[in-house]
file target.pdb (PDB, C-alpha atoms)
ATOM      1  CA  MET A   1      58.432 -43.590  21.018
ATOM      2  CA  SER A   2      61.198 -41.748  22.926
ATOM      3  CA  MET A   3      60.637 -39.540  25.956
ATOM      4  CA  GLU A   4      61.371 -36.423  23.862
ATOM      5  CA  GLU A   5      58.765 -37.380  21.267
ATOM      6  CA  ASN A   6      56.255 -38.182  24.012
ATOM      7  CA  LYS A   7      56.413 -34.665  25.523
ATOM      8  CA  GLN A   8      53.212 -32.657  25.374
ATOM      9  CA  PRO A   9      53.470 -29.456  23.277
ATOM     10  CA  SER A  10      52.696 -27.344  26.357
ATOM     11  CA  GLU A  11      55.732 -28.829  28.145
ATOM     12  CA  GLN A  12      58.238 -28.142  25.366
ATOM     13  CA  PRO A  13      60.374 -24.990  25.540
ATOM     14  CA  ALA A  14      59.071 -22.129  23.437
ATOM     15  CA  ASP A  15      60.624 -21.086  20.175
ATOM     16  CA  ALA A  16      60.960 -17.349  19.468
ATOM     17  CA  ALA A  17      57.732 -17.129  17.436
ATOM     18  CA  GLY A  18      55.764 -18.972  20.124
ATOM     19  CA  LEU A  19      57.215 -16.719  22.807
ATOM     20  CA  VAL A  20      56.256 -13.554  20.914
ATOM     21  CA  ARG A  21      52.775 -14.943  20.177
ATOM     22  CA  ARG A  22      52.169 -15.736  23.850
ATOM     23  CA  LEU A  23      53.553 -12.423  25.109
ATOM     24  CA  THR A  24      51.450 -10.344  22.698
ATOM     25  CA  ARG A  25      48.089 -11.848  23.665
ATOM     26  CA  PRO A  26      45.975  -9.040  25.209
ATOM     27  CA  GLU A  27      45.308 -10.942  28.437
ATOM     28  CA  VAL A  28      49.035 -11.669  28.876
ATOM     29  CA  LEU A  29      50.021  -8.061  28.161
ATOM     30  CA  GLY A  30      47.301  -6.915  30.533
ATOM     31  CA  GLU A  31      48.471  -9.232  33.273
ATOM     32  CA  MET A  32      52.076  -8.081  32.814
ATOM     33  CA  VAL A  33      50.928  -4.465  33.221
ATOM     34  CA  LEU A  34      48.880  -5.310  36.323
ATOM     35  CA  LEU A  35      51.742  -7.306  37.859
ATOM     36  CA  ALA A  36      54.141  -4.422  37.201
ATOM     37  CA  ILE A  37      51.745  -1.924  38.812
ATOM     38  CA  VAL A  38      51.190  -4.157  41.846
ATOM     39  CA  GLY A  39      54.940  -4.805  42.208
ATOM     40  CA  ILE A  40      55.700  -1.071  42.084
ATOM     41  CA  MET A  41      52.884  -0.412  44.559
ATOM     42  CA  PHE A  42      54.226  -3.037  47.002
ATOM     43  CA  ALA A  43      57.749  -1.601  46.779
ATOM     44  CA  THR A  44      56.471   1.964  47.230
ATOM     45  CA  MET A  45      54.264   1.037  50.198
ATOM     46  CA  LEU A  46      57.136  -0.786  51.894
ATOM     47  CA  TRP A  47      59.556   2.102  51.314
ATOM     48  CA  GLU A  48      57.137   4.854  52.343
ATOM     49  CA  SER A  49      55.871   3.060  55.457
ATOM     50  CA  GLN A  50      59.335   2.823  57.042
ATOM     51  CA  ASP A  51      58.904   6.165  58.835
ATOM     52  CA  TRP A  52      55.225   5.717  59.723
ATOM     53  CA  THR A  53      53.856   4.767  63.129
ATOM     54  CA  THR A  54      53.129   1.081  63.660
ATOM     55  CA  ALA A  55      49.377   1.650  63.420
ATOM     56  CA  SER A  56      49.682   3.519  60.125
ATOM     57  CA  ALA A  57      52.191   1.082  58.628
ATOM     58  CA  LEU A  58      50.167  -1.984  59.582
ATOM     59  CA  MET A  59      47.758  -1.931  56.642
ATOM     60  CA  PRO A  60      50.363  -1.697  53.867
ATOM     61  CA  ARG A  61      52.582  -4.278  55.558
ATOM     62  CA  ILE A  62      49.726  -6.750  55.937
ATOM     63  CA  ALA A  63      48.810  -6.188  52.277
ATOM     64  CA  ILE A  64      52.430  -6.773  51.250
ATOM     65  CA  GLY A  65      52.769  -9.837  53.500
ATOM     66  CA  ILE A  66      49.693 -11.465  51.990
ATOM     67  CA  GLY A  67      50.050 -10.159  48.450
ATOM     68  CA  ALA A  68      53.789 -10.488  47.762
ATOM     69  CA  PRO A  69      53.955 -14.323  47.916
ATOM     70  CA  LEU A  70      50.915 -14.561  45.629
ATOM     71  CA  TRP A  71      52.473 -11.935  43.349
ATOM     72  CA  PHE A  72      55.705 -13.948  43.084
ATOM     73  CA  ILE A  73      53.788 -17.159  42.365
ATOM     74  CA  ARG A  74      51.853 -15.409  39.576
ATOM     75  CA  VAL A  75      55.003 -13.841  38.095
ATOM     76  CA  ILE A  76      56.704 -17.255  38.042
ATOM     77  CA  GLY A  77      53.604 -18.797  36.436
ATOM     78  CA  LEU A  78      53.502 -16.048  33.806
ATOM     79  CA  VAL A  79      57.201 -16.477  32.983
ATOM     80  CA  ARG A  80      56.808 -20.252  32.723
ATOM     81  CA  TYR A  81      53.752 -19.780  30.495
ATOM     82  CA  ALA A  82      55.642 -17.361  28.234
ATOM     83  CA  LEU A  83      58.571 -19.767  27.956
ATOM     84  CA  GLY A  84      56.251 -22.692  27.249
ATOM     85  CA  THR A  85      57.644 -24.726  30.151
ATOM     86  CA  GLN A  86      54.519 -24.833  32.299
ATOM     87  CA  PRO A  87      52.219 -27.842  31.893
ATOM     88  CA  GLU A  88      48.624 -27.015  30.948
ATOM     89  CA  ARG A  89      47.224 -28.153  34.291
ATOM     90  CA  TYR A  90      49.227 -25.460  36.131
ATOM     91  CA  ARG A  91      48.678 -22.679  33.648
ATOM     92  CA  GLY A  92      45.432 -21.315  35.021
ATOM     93  CA  VAL A  93      43.795 -22.030  31.665
ATOM     94  CA  ARG A  94      40.054 -22.322  31.746
ATOM     95  CA  ARG A  95      37.298 -22.139  29.197
ATOM     96  CA  GLU A  96      35.270 -18.978  28.611
ATOM     97  CA  GLU A  97      31.998 -20.692  29.605
ATOM     98  CA  GLU A  98      33.495 -21.616  33.005
ATOM     99  CA  SER A  99      34.500 -18.044  33.802
ATOM    100  CA  SER A 100      31.269 -16.243  34.692
ATOM    101  CA  GLY A 101      30.731 -15.208  38.279
ATOM    102  CA  GLN A 102      34.331 -15.401  39.443
ATOM    103  CA  ILE A 103      36.084 -12.698  41.409
ATOM    104  CA  MET A 104      39.099 -11.036  39.743
ATOM    105  CA  ASP A 105      38.503 -13.157  36.704
ATOM    106  CA  LEU A 106      41.705 -12.560  34.785
ATOM    107  CA  GLY A 107      44.070 -15.194  33.518
ATOM    108  CA  PHE A 108      44.821 -17.256  30.473
ATOM    109  CA  TYR A 109      41.733 -18.379  28.608
ATOM    110  CA  MET A 110      41.228 -21.021  25.975
ATOM    111  CA  GLY A 111      39.630 -19.610  22.894
ATOM    112  CA  GLU A 112      40.369 -16.908  20.411
ATOM    113  CA  ASP A 113      38.038 -14.204  21.707
ATOM    114  CA  GLN A 114      40.670 -11.503  22.134
ATOM    115  CA  ARG A 115      38.002  -8.811  22.488
ATOM    116  CA  ALA A 116      36.470 -10.540  25.533
ATOM    117  CA  ALA A 117      39.925 -10.813  27.117
ATOM    118  CA  LEU A 118      40.515  -7.106  26.542
ATOM    119  CA  VAL A 119      37.103  -6.228  28.001
ATOM    120  CA  ARG A 120      37.896  -8.309  31.118
ATOM    121  CA  PHE A 121      41.250  -6.573  31.535
ATOM    122  CA  LEU A 122      39.782  -3.093  31.051
ATOM    123  CA  SER A 123      36.904  -3.851  33.441
ATOM    124  CA  ILE A 124      39.177  -4.965  36.256
ATOM    125  CA  THR A 125      41.696  -2.178  35.660
ATOM    126  CA  GLY A 126      38.837   0.322  35.591
ATOM    127  CA  MET A 127      37.444  -0.996  38.877
ATOM    128  CA  LEU A 128      40.855  -0.664  40.556
ATOM    129  CA  LEU A 129      41.232   2.891  39.262
ATOM    130  CA  ILE A 130      37.726   3.708  40.530
ATOM    131  CA  LEU A 131      38.723   2.405  43.977
ATOM    132  CA  LEU A 132      41.868   4.547  44.050
ATOM    133  CA  ALA A 133      39.968   7.630  42.862
ATOM    134  CA  GLY A 134      37.260   6.999  45.454
ATOM    135  CA  ILE A 135      39.804   6.747  48.279
ATOM    136  CA  TRP A 136      41.395   9.987  47.102
ATOM    137  CA  LEU A 137      38.043  11.798  46.781
ATOM    138  CA  VAL A 138      35.939  10.509  49.700
ATOM    139  CA  GLY A 139      38.267   8.308  51.788
ATOM    140  CA  TRP A 140      38.502   4.674  52.812
ATOM    141  CA  HIS A 141      35.361   4.532  54.985
ATOM    142  CA  ILE A 142      33.046   5.232  52.056
ATOM    143  CA  SER A 143      35.049   3.988  49.063
ATOM    144  CA  LEU A 144      36.102   0.500  50.141
ATOM    145  CA  PRO A 145      32.664  -0.731  51.338
ATOM    146  CA  VAL A 146      30.833   0.787  48.334
ATOM    147  CA  TRP A 147      33.475  -0.509  45.902
ATOM    148  CA  THR A 148      33.358  -3.999  47.440
ATOM    149  CA  PHE A 149      29.558  -4.019  47.184
ATOM    150  CA  ALA A 150      29.632  -2.931  43.526
ATOM    151  CA  TYR A 151      32.468  -5.296  42.615
ATOM    152  CA  LEU A 152      30.784  -8.336  44.151
ATOM    153  CA  LEU A 153      27.482  -7.418  42.514
ATOM    154  CA  ILE A 154      28.911  -6.767  39.028
ATOM    155  CA  PHE A 155      31.774  -9.257  38.703
ATOM    156  CA  ALA A 156      31.027 -12.036  41.199
ATOM    157  CA  LYS A 157      27.309 -11.846  40.343
ATOM    158  CA  VAL A 158      26.277 -12.515  43.938
ATOM    159  CA  LYS A 159      22.931 -11.547  45.454
ATOM    160  CA  VAL A 160      22.472  -8.000  46.745
ATOM    161  CA  TRP A 161      22.490  -9.080  50.399
ATOM    162  CA  GLN A 162      25.739 -11.030  49.899
ATOM    163  CA  ALA A 163      27.399  -8.027  48.256
ATOM    164  CA  ALA A 164      26.122  -5.842  51.117
ATOM    165  CA  LEU A 165      27.654  -8.257  53.645
ATOM    166  CA  GLY A 166      31.005  -7.941  51.857
ATOM    167  CA  GLY A 167      30.840  -4.146  52.031
ATOM    168  CA  ILE A 168      29.755  -4.188  55.693
ATOM    169  CA  PHE A 169      32.589  -6.592  56.546
ATOM    170  CA  PHE A 170      35.215  -4.206  55.146
ATOM    171  CA  LEU A 171      33.582  -1.235  56.874
ATOM    172  CA  ALA A 172      33.681  -3.169  60.173
ATOM    173  CA  VAL A 173      37.383  -3.957  59.657
ATOM    174  CA  ILE A 174      38.148  -0.303  58.880
ATOM    175  CA  ILE A 175      36.247   0.994  61.927
ATOM    176  CA  GLY A 176      36.857  -1.835  64.396
ATOM    177  CA  VAL A 177      40.412  -2.916  63.672
ATOM    178  CA  TYR A 178      42.116   0.059  62.073
ATOM    179  CA  GLY A 179      40.058   2.827  63.694
ATOM    180  CA  ALA A 180      39.339   1.620  67.245
ATOM    181  CA  LEU A 181      42.161  -0.860  67.832
ATOM    182  CA  PHE A 182      45.093   0.777  66.034
ATOM    183  CA  ASP A 183      43.893   4.403  65.895
ATOM    184  CA  THR A 184      45.029   4.644  62.269
ATOM    185  CA  LEU A 185      45.532   8.029  60.640
ATOM    186  CA  TRP A 186      43.510   8.208  57.426
ATOM    187  CA  ASN A 187      43.966  10.344  54.353
ATOM    188  CA  ASP A 188      42.114  13.661  54.230
ATOM    189  CA  PRO A 189      39.691  13.171  51.292
ATOM    190  CA  VAL A 190      39.834  15.886  48.652
ATOM    191  CA  LEU A 191      36.053  16.256  48.358
ATOM    192  CA  PHE A 192      35.618  16.808  52.093
ATOM    193  CA  ARG A 193      38.422  19.387  52.125
ATOM    194  CA  MET A 194      36.678  21.275  49.317
ATOM    195  CA  LEU A 195      33.354  21.251  51.194
ATOM    196  CA  ARG A 196      34.832  22.738  54.398
TER
END

call {"tool": "encode", "arguments": {"input": "target.pdb", "output": "structure tokens"}}
result
Amino acid sequence: MSMEENKQPSEQPADAAGLVRRLTRPEVLGEMVLLAIVGIMFATMLWESQDWTTASALMPRIAIGIGAPLWFIRVIGLVRYALGTQPERYRGVRREEESSGQIMDLGFYMGEDQRAALVRFLSITGMLLILLAGIWLVGWHISLPVWTFAYLLIFAKVKVWQAALGGIFFLAVIIGVYGALFDTLWNDPVLFRMLR
């Protein structure tokens, strides 16, 4: 048997039909949308923070510094998956029964349950939109700890005290690091402005 014949199907380049089939899976489309949103958000944060004070620009720059390399790795993985050039072991493929209780549980799943993939995508997208709306309405100090608590409880399926510790940790970072140490200027929440 030649080397070409011995290649695994997952390592062979994709034909056009295979490419279209992979790109139109709901979880792949969903991940492309999320990656596009995150990429635009990183670019916007970097551009907008150029004129900010160091304390104000610190949070977006830390987020970009940590998130951008992971974003690039995921984009490369997604492109390789779409082209059919990524071996199965690097594809992030896991079985549905292995997926419960994981944080940010999106990715490529084995199985044909397209509805479950769509529900996962909508759940995570909905949670991110809830976080953004919460920050806009009531600010970081309330939204991020409460959101973290709810997210860990619902998606990670941790115990209540563990979810509470996650929320308290983020509140401590907001108050201790960004508030006390860097004297960060926060957004003026819409709800509080309306109540004045």

call {"tool": "atom_distance", "arguments": {"input": "target.pdb", "atom1": "CA of Gly67 (chain A)", "atom2": "CA of Gly39 (chain A)"}}
result
9.6 Å

call {"tool": "atom_distance", "arguments": {"input": "target.pdb", "atom1": "CA of Leu122 (chain A)", "atom2": "CA of Gly65 (chain A)"}}
result
26.8 Å

call {"tool": "closest_residue", "arguments": {"input": "target.pdb", "among": "A:Ala68, A:Leu46, A:Val75, A:Ala156", "to": "Ile124 (chain A)", "atoms": "only C-alpha atoms"}}
result
A:Ala156

call {"tool": "residues_around", "arguments": {"input": "target.pdb", "residues": "Leu34 (chain A)", "least_positions_apart": "2", "cutoff": "12 Å", "atoms": "only C-alpha atoms", "output": "PyMOL selection string"}}
result
chain A and resi 27-32+36-41+71+74-75+78+104+106-107+121-122+124-126+128-129

call {"tool": "closest_residue", "arguments": {"input": "target.pdb", "among": "A:Ile142, A:Leu132, A:Ile154, A:Leu191", "to": "Gly167 (chain A)", "atoms": "all atoms listed in the file"}}
result
A:Ile142

call {"tool": "residues_around", "arguments": {"input": "target.pdb", "residues": "Pro189 (chain A)", "least_positions_apart": "5", "cutoff": "9 Å", "atoms": "all atoms listed in the file", "output": "ChimeraX atom specification"}}
result
/A:134-140,194

call {"tool": "resolve_selection", "arguments": {"input": "target.pdb", "expression": "the PyMOL selection byres ((chain A and resi 45) around 10)", "output": "PyMOL selection string"}}
result
chain A and resi 39-44+46-50+57+59-61+63-64

call {"tool": "build_atoms", "arguments": {"input": "target.pdb", "residues": "region 132-161 of chain A", "atoms": "N, CA and C atoms", "output": "PDB file, in the frame of the given file"}}
result
ATOM      1  N   LEU A 132      40.837   3.571  43.685  1.00  0.00           N
ATOM      2  CA  LEU A 132      41.868   4.547  44.050  1.00  0.00           C
ATOM      3  C   LEU A 132      41.323   5.973  44.001  1.00  0.00           C
ATOM      4  N   ALA A 133      40.557   6.288  42.970  1.00  0.00           N
ATOM      5  CA  ALA A 133      39.968   7.630  42.862  1.00  0.00           C
ATOM      6  C   ALA A 133      38.982   7.880  43.997  1.00  0.00           C
ATOM      7  N   GLY A 134      38.210   6.862  44.350  1.00  0.00           N
ATOM      8  CA  GLY A 134      37.260   6.999  45.454  1.00  0.00           C
ATOM      9  C   GLY A 134      37.952   7.258  46.779  1.00  0.00           C
ATOM     10  N   ILE A 135      39.039   6.534  47.041  1.00  0.00           N
ATOM     11  CA  ILE A 135      39.804   6.747  48.279  1.00  0.00           C
ATOM     12  C   ILE A 135      40.350   8.164  48.311  1.00  0.00           C
ATOM     13  N   TRP A 136      40.838   8.633  47.193  1.00  0.00           N
ATOM     14  CA  TRP A 136      41.395   9.987  47.102  1.00  0.00           C
ATOM     15  C   TRP A 136      40.308  11.037  47.315  1.00  0.00           C
ATOM     16  N   LEU A 137      39.120  10.805  46.714  1.00  0.00           N
ATOM     17  CA  LEU A 137      38.043  11.798  46.781  1.00  0.00           C
ATOM     18  C   LEU A 137      37.265  11.775  48.095  1.00  0.00           C
ATOM     19  N   VAL A 138      36.829  10.576  48.531  1.00  0.00           N
ATOM     20  CA  VAL A 138      35.939  10.509  49.700  1.00  0.00           C
ATOM     21  C   VAL A 138      36.475   9.652  50.840  1.00  0.00           C
ATOM     22  N   GLY A 139      37.654   9.057  50.690  1.00  0.00           N
ATOM     23  CA  GLY A 139      38.267   8.308  51.788  1.00  0.00           C
ATOM     24  C   GLY A 139      37.931   6.827  51.796  1.00  0.00           C
ATOM     25  N   TRP A 140      38.628   6.124  52.695  1.00  0.00           N
ATOM     26  CA  TRP A 140      38.502   4.674  52.812  1.00  0.00           C
ATOM     27  C   TRP A 140      37.130   4.245  53.318  1.00  0.00           C
ATOM     28  N   HIS A 141      36.581   4.961  54.304  1.00  0.00           N
ATOM     29  CA  HIS A 141      35.361   4.532  54.985  1.00  0.00           C
ATOM     30  C   HIS A 141      34.157   4.448  54.052  1.00  0.00           C
ATOM     31  N   ILE A 142      34.138   5.267  53.033  1.00  0.00           N
ATOM     32  CA  ILE A 142      33.046   5.232  52.056  1.00  0.00           C
ATOM     33  C   ILE A 142      33.444   4.376  50.853  1.00  0.00           C
ATOM     34  N   SER A 143      34.639   4.613  50.331  1.00  0.00           N
ATOM     35  CA  SER A 143      35.049   3.988  49.063  1.00  0.00           C
ATOM     36  C   SER A 143      35.158   2.475  49.124  1.00  0.00           C
ATOM     37  N   LEU A 144      35.866   1.946  50.118  1.00  0.00           N
ATOM     38  CA  LEU A 144      36.102   0.500  50.141  1.00  0.00           C
ATOM     39  C   LEU A 144      34.809  -0.306  50.302  1.00  0.00           C
ATOM     40  N   PRO A 145      33.918   0.038  51.248  1.00  0.00           N
ATOM     41  CA  PRO A 145      32.664  -0.731  51.338  1.00  0.00           C
ATOM     42  C   PRO A 145      31.791  -0.616  50.082  1.00  0.00           C
ATOM     43  N   VAL A 146      31.661   0.597  49.539  1.00  0.00           N
ATOM     44  CA  VAL A 146      30.833   0.787  48.334  1.00  0.00           C
ATOM     45  C   VAL A 146      31.452   0.060  47.146  1.00  0.00           C
ATOM     46  N   TRP A 147      32.778   0.160  46.995  1.00  0.00           N
ATOM     47  CA  TRP A 147      33.475  -0.509  45.902  1.00  0.00           C
ATOM     48  C   TRP A 147      33.329  -2.027  46.014  1.00  0.00           C
ATOM     49  N   THR A 148      33.496  -2.556  47.231  1.00  0.00           N
ATOM     50  CA  THR A 148      33.358  -3.999  47.440  1.00  0.00           C
ATOM     51  C   THR A 148      31.952  -4.457  47.069  1.00  0.00           C
ATOM     52  N   PHE A 149      30.951  -3.706  47.510  1.00  0.00           N
ATOM     53  CA  PHE A 149      29.558  -4.019  47.184  1.00  0.00           C
ATOM     54  C   PHE A 149      29.361  -4.063  45.667  1.00  0.00           C
ATOM     55  N   ALA A 150      29.808  -3.012  44.985  1.00  0.00           N
ATOM     56  CA  ALA A 150      29.632  -2.931  43.526  1.00  0.00           C
ATOM     57  C   ALA A 150      30.406  -4.031  42.814  1.00  0.00           C
ATOM     58  N   TYR A 151      31.634  -4.282  43.263  1.00  0.00           N
ATOM     59  CA  TYR A 151      32.468  -5.296  42.615  1.00  0.00           C
ATOM     60  C   TYR A 151      31.845  -6.681  42.735  1.00  0.00           C
ATOM     61  N   LEU A 152      31.397  -7.024  43.951  1.00  0.00           N
ATOM     62  CA  LEU A 152      30.784  -8.336  44.151  1.00  0.00           C
ATOM     63  C   LEU A 152      29.493  -8.476  43.349  1.00  0.00           C
ATOM     64  N   LEU A 153      28.740  -7.397  43.256  1.00  0.00           N
ATOM     65  CA  LEU A 153      27.482  -7.418  42.514  1.00  0.00           C
ATOM     66  C   LEU A 153      27.723  -7.563  41.010  1.00  0.00           C
ATOM     67  N   ILE A 154      28.678  -6.797  40.478  1.00  0.00           N
ATOM     68  CA  ILE A 154      28.911  -6.767  39.028  1.00  0.00           C
ATOM     69  C   ILE A 154      29.727  -7.963  38.549  1.00  0.00           C
ATOM     70  N   PHE A 155      30.854  -8.239  39.208  1.00  0.00           N
ATOM     71  CA  PHE A 155      31.774  -9.257  38.703  1.00  0.00           C
ATOM     72  C   PHE A 155      31.525 -10.643  39.286  1.00  0.00           C
ATOM     73  N   ALA A 156      31.261 -10.723  40.596  1.00  0.00           N
ATOM     74  CA  ALA A 156      31.027 -12.036  41.199  1.00  0.00           C
ATOM     75  C   ALA A 156      29.590 -12.495  40.988  1.00  0.00           C
ATOM     76  N   LYS A 157      28.715 -11.549  40.617  1.00  0.00           N
ATOM     77  CA  LYS A 157      27.309 -11.846  40.343  1.00  0.00           C
ATOM     78  C   LYS A 157      26.625 -12.514  41.543  1.00  0.00           C
ATOM     79  N   VAL A 158      26.927 -11.996  42.740  1.00  0.00           N
ATOM     80  CA  VAL A 158      26.277 -12.515  43.938  1.00  0.00           C
ATOM     81  C   VAL A 158      24.976 -11.751  44.165  1.00  0.00           C
ATOM     82  N   LYS A 159      24.181 -12.230  45.115  1.00  0.00           N
ATOM     83  CA  LYS A 159      22.931 -11.547  45.454  1.00  0.00           C
ATOM     84  C   LYS A 159      23.252 -10.238  46.166  1.00  0.00           C
ATOM     85  N   VAL A 160      22.270  -9.328  46.159  1.00  0.00           N
ATOM     86  CA  VAL A 160      22.472  -8.000  46.745  1.00  0.00           C
ATOM     87  C   VAL A 160      22.858  -8.108  48.213  1.00  0.00           C
ATOM     88  N   TRP A 161      22.193  -8.974  48.970  1.00  0.00           N
ATOM     89  CA  TRP A 161      22.490  -9.080  50.399  1.00  0.00           C
ATOM     90  C   TRP A 161      23.898  -9.624  50.634  1.00  0.00           C
TER      91      TRP A 161
END
